[in-house]
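**Q** Please read through the structure below; I'll follow up with questions.
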Amino acid sequence: MSQRVQESLEVQAPVEDVFRYWSNFENFPNFMSNVEEVRMTGGDTSHWKVKGPLGKTVQFEAKTTQMDAGRGIGWNTIEGEVMTSGEARFEEVTPGRTRVDVTMNYSDPPGGAVGEAVANVLSNPERNLREDLQNFAKIVERGELGGPDAQTPSR
């Protein structure tokens with residue numbers, strides 16, 4: 001059975017800064033607890049390593065289907081051990097305050113040990129997404145988004 005998760009959060013930061021930080025997927029390990037690494041593999045493709053149970057890493061390739069500050073960011077898995085799609089939208093609520101709306105869709109996990117690992121990772125996706133957005137808000141509201149150095153992940 002596929003699963004859809006939606007969460008929203010308002011952050012005290014300009015929409016341009018929020019979009020710029022979020023659109024650099026290599027920043028995701030900074031605020032998403034299950035994401036170990038994201039590496040851009042092309043102009044609109046990325047390789048993801050996500051934590052699973054008992055130290056297992058689940059990997060997949062994703063394609064960015066939309067990248068527009070006014071409309072949001074969309075993606076689909078194109079290959080790998082997990083199939084997901086979704087979008088993130090950013091809306092200015094008031095000057096300097098942005099609403100972040102995230103929708104994620106998970107397809108049925110594959111069978112076998114990998115399927116079991118993915119099912120465990122996704123066992124509470126609502127809570128995971130809510131906590132990840134709260135982590136993102138803390139980064140934004142501490143002012144850690146500003147400047148070009150903050151847009152590049154530390155190596």
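Ordered as shown in the structure tokens, chains take letters A, B, and onward, while each chain numbers its residues from 1 and ligands are numbered from 1 in the order shown.
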From a backbone DSSP assignment, name each residue in stretch 60-98 of chain A labelled strand (DSSP E), as a short mmCIF file (atom, residue, chain, number, x, y, z; two decimals) with N, CA and C atoms, in the first residue's frame.

**A**
data_model
loop_
_atom_site.label_atom_id
_atom_site.label_comp_id
_atom_site.auth_asym_id
_atom_site.auth_seq_id
_atom_site.Cartn_x
_atom_site.Cartn_y
_atom_site.Cartn_z
N PHE A 60 19.04 5.43 -3.50
CA PHE A 60 18.21 5.61 -4.68
C PHE A 60 18.66 6.82 -5.46
N GLU A 61 18.23 6.86 -6.72
CA GLU A 61 18.48 7.99 -7.61
C GLU A 61 17.17 8.75 -7.78
N ALA A 62 17.25 10.07 -7.72
CA ALA A 62 16.04 10.88 -7.88
C ALA A 62 16.24 11.89 -9.01
N LYS A 63 15.13 12.25 -9.62
CA LYS A 63 15.13 13.27 -10.68
C LYS A 63 14.28 14.44 -10.20
N THR A 64 14.84 15.64 -10.31
CA THR A 64 14.09 16.85 -9.98
C THR A 64 13.17 17.15 -11.15
N THR A 65 11.86 17.20 -10.88
CA THR A 65 10.88 17.42 -11.93
C THR A 65 10.41 18.87 -11.99
N GLN A 66 10.68 19.62 -10.92
CA GLN A 66 10.32 21.03 -10.88
C GLN A 66 11.30 21.75 -9.96
N MET A 67 11.78 22.93 -10.39
CA MET A 67 12.69 23.73 -9.57
C MET A 67 12.39 25.19 -9.90
N ASP A 68 11.42 25.75 -9.19
CA ASP A 68 10.94 27.09 -9.47
C ASP A 68 10.61 27.77 -8.16
N GLY A 72 7.78 25.89 -6.56
CA GLY A 72 8.26 24.86 -5.64
C GLY A 72 9.25 23.92 -6.28
N ILE A 73 9.50 22.82 -5.57
CA ILE A 73 10.46 21.80 -5.99
C ILE A 73 9.72 20.47 -6.01
N GLY A 74 9.85 19.74 -7.11
CA GLY A 74 9.24 18.42 -7.23
C GLY A 74 10.29 17.39 -7.57
N TRP A 75 10.03 16.12 -7.21
CA TRP A 75 10.99 15.06 -7.49
C TRP A 75 10.29 13.71 -7.62
N ASN A 76 10.99 12.78 -8.25
CA ASN A 76 10.58 11.37 -8.39
C ASN A 76 11.82 10.50 -8.30
N THR A 77 11.69 9.36 -7.65
CA THR A 77 12.76 8.37 -7.69
C THR A 77 12.76 7.77 -9.10
N ILE A 78 13.95 7.60 -9.67
CA ILE A 78 14.04 6.98 -10.99
C ILE A 78 14.67 5.60 -10.91
N GLU A 79 15.35 5.29 -9.81
CA GLU A 79 15.98 3.98 -9.67
C GLU A 79 16.42 3.81 -8.22
N GLY A 80 16.32 2.59 -7.70
CA GLY A 80 16.85 2.34 -6.36
C GLY A 80 15.96 1.46 -5.50
N THR A 84 9.89 7.02 -4.24
CA THR A 84 9.25 8.15 -3.61
C THR A 84 9.08 9.28 -4.62
N SER A 85 8.13 10.12 -4.36
CA SER A 85 7.94 11.34 -5.14
C SER A 85 7.37 12.38 -4.19
N GLY A 86 7.39 13.62 -4.63
CA GLY A 86 6.80 14.63 -3.78
C GLY A 86 7.11 16.02 -4.26
N GLU A 87 6.75 16.97 -3.39
CA GLU A 87 7.01 18.36 -3.70
C GLU A 87 7.13 19.16 -2.42
N ALA A 88 7.88 20.25 -2.51
CA ALA A 88 7.99 21.23 -1.43
C ALA A 88 7.60 22.57 -2.03
N ARG A 89 6.72 23.27 -1.34
CA ARG A 89 6.28 24.59 -1.80
C ARG A 89 6.62 25.62 -0.72
N PHE A 90 6.94 26.83 -1.17
CA PHE A 90 7.36 27.90 -0.28
C PHE A 90 6.52 29.12 -0.57
N GLU A 91 5.86 29.65 0.46
CA GLU A 91 4.97 30.79 0.27
C GLU A 91 5.28 31.86 1.30
N GLU A 92 5.44 33.09 0.83
CA GLU A 92 5.66 34.20 1.75
C GLU A 92 4.35 34.49 2.47
N VAL A 93 4.37 34.39 3.80
CA VAL A 93 3.19 34.67 4.62
C VAL A 93 3.13 36.17 4.90
N THR A 94 4.23 36.69 5.37
CA THR A 94 4.45 38.13 5.56
C THR A 94 5.92 38.36 5.21
N ARG A 97 8.71 35.99 6.56
CA ARG A 97 8.12 34.77 7.13
C ARG A 97 7.60 33.89 5.99
N THR A 98 7.99 32.61 6.00
CA THR A 98 7.69 31.69 4.89
C THR A 98 6.99 30.44 5.39
#

**Q** Tell me which of A:Val58, A:Val18, A:Ala69, A:Val5 sits closest to A:Glu36, counting only C-alpha atoms.

**A**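 Closest candidate: A:Val58.
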
**Q** In Å to one decimal, how far is atom CA of A:Gly70 from atom CA of A:Asn135?

**A**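 Answer for the atom CA of A:Asn135 to atom CA of A:Gly70 separation: 23.3 Å.
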
**Q** Return the single residue from A:Asn128, A:Arg71, A:Phe19, A:Arg99 that is closest to A:Val35, with distances computed using only C-alpha atoms.

**A**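 Of A:Asn128, A:Arg71, A:Phe19, A:Arg99, the one nearest A:Val35 is A:Asn128, counting only C-alpha atoms.
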
**Q** How far is it from atom CA of A:Ala13 to atom CA of A:Met104, in Å with one decimal?

**A**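 Going from atom CA of A:Ala13 over to atom CA of A:Met104 covers 23.1 Å.
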
**Q** With only C-alpha atoms as the counted atoms, please give the residues lying no more than 7 Å from stretch 130-133 of chain A, apart from itself and same-chain residues fewer than 5 positions off, as a list in words.

**A** Glu7, Leu9, Phe31, Met32 and Ser33 of chain A
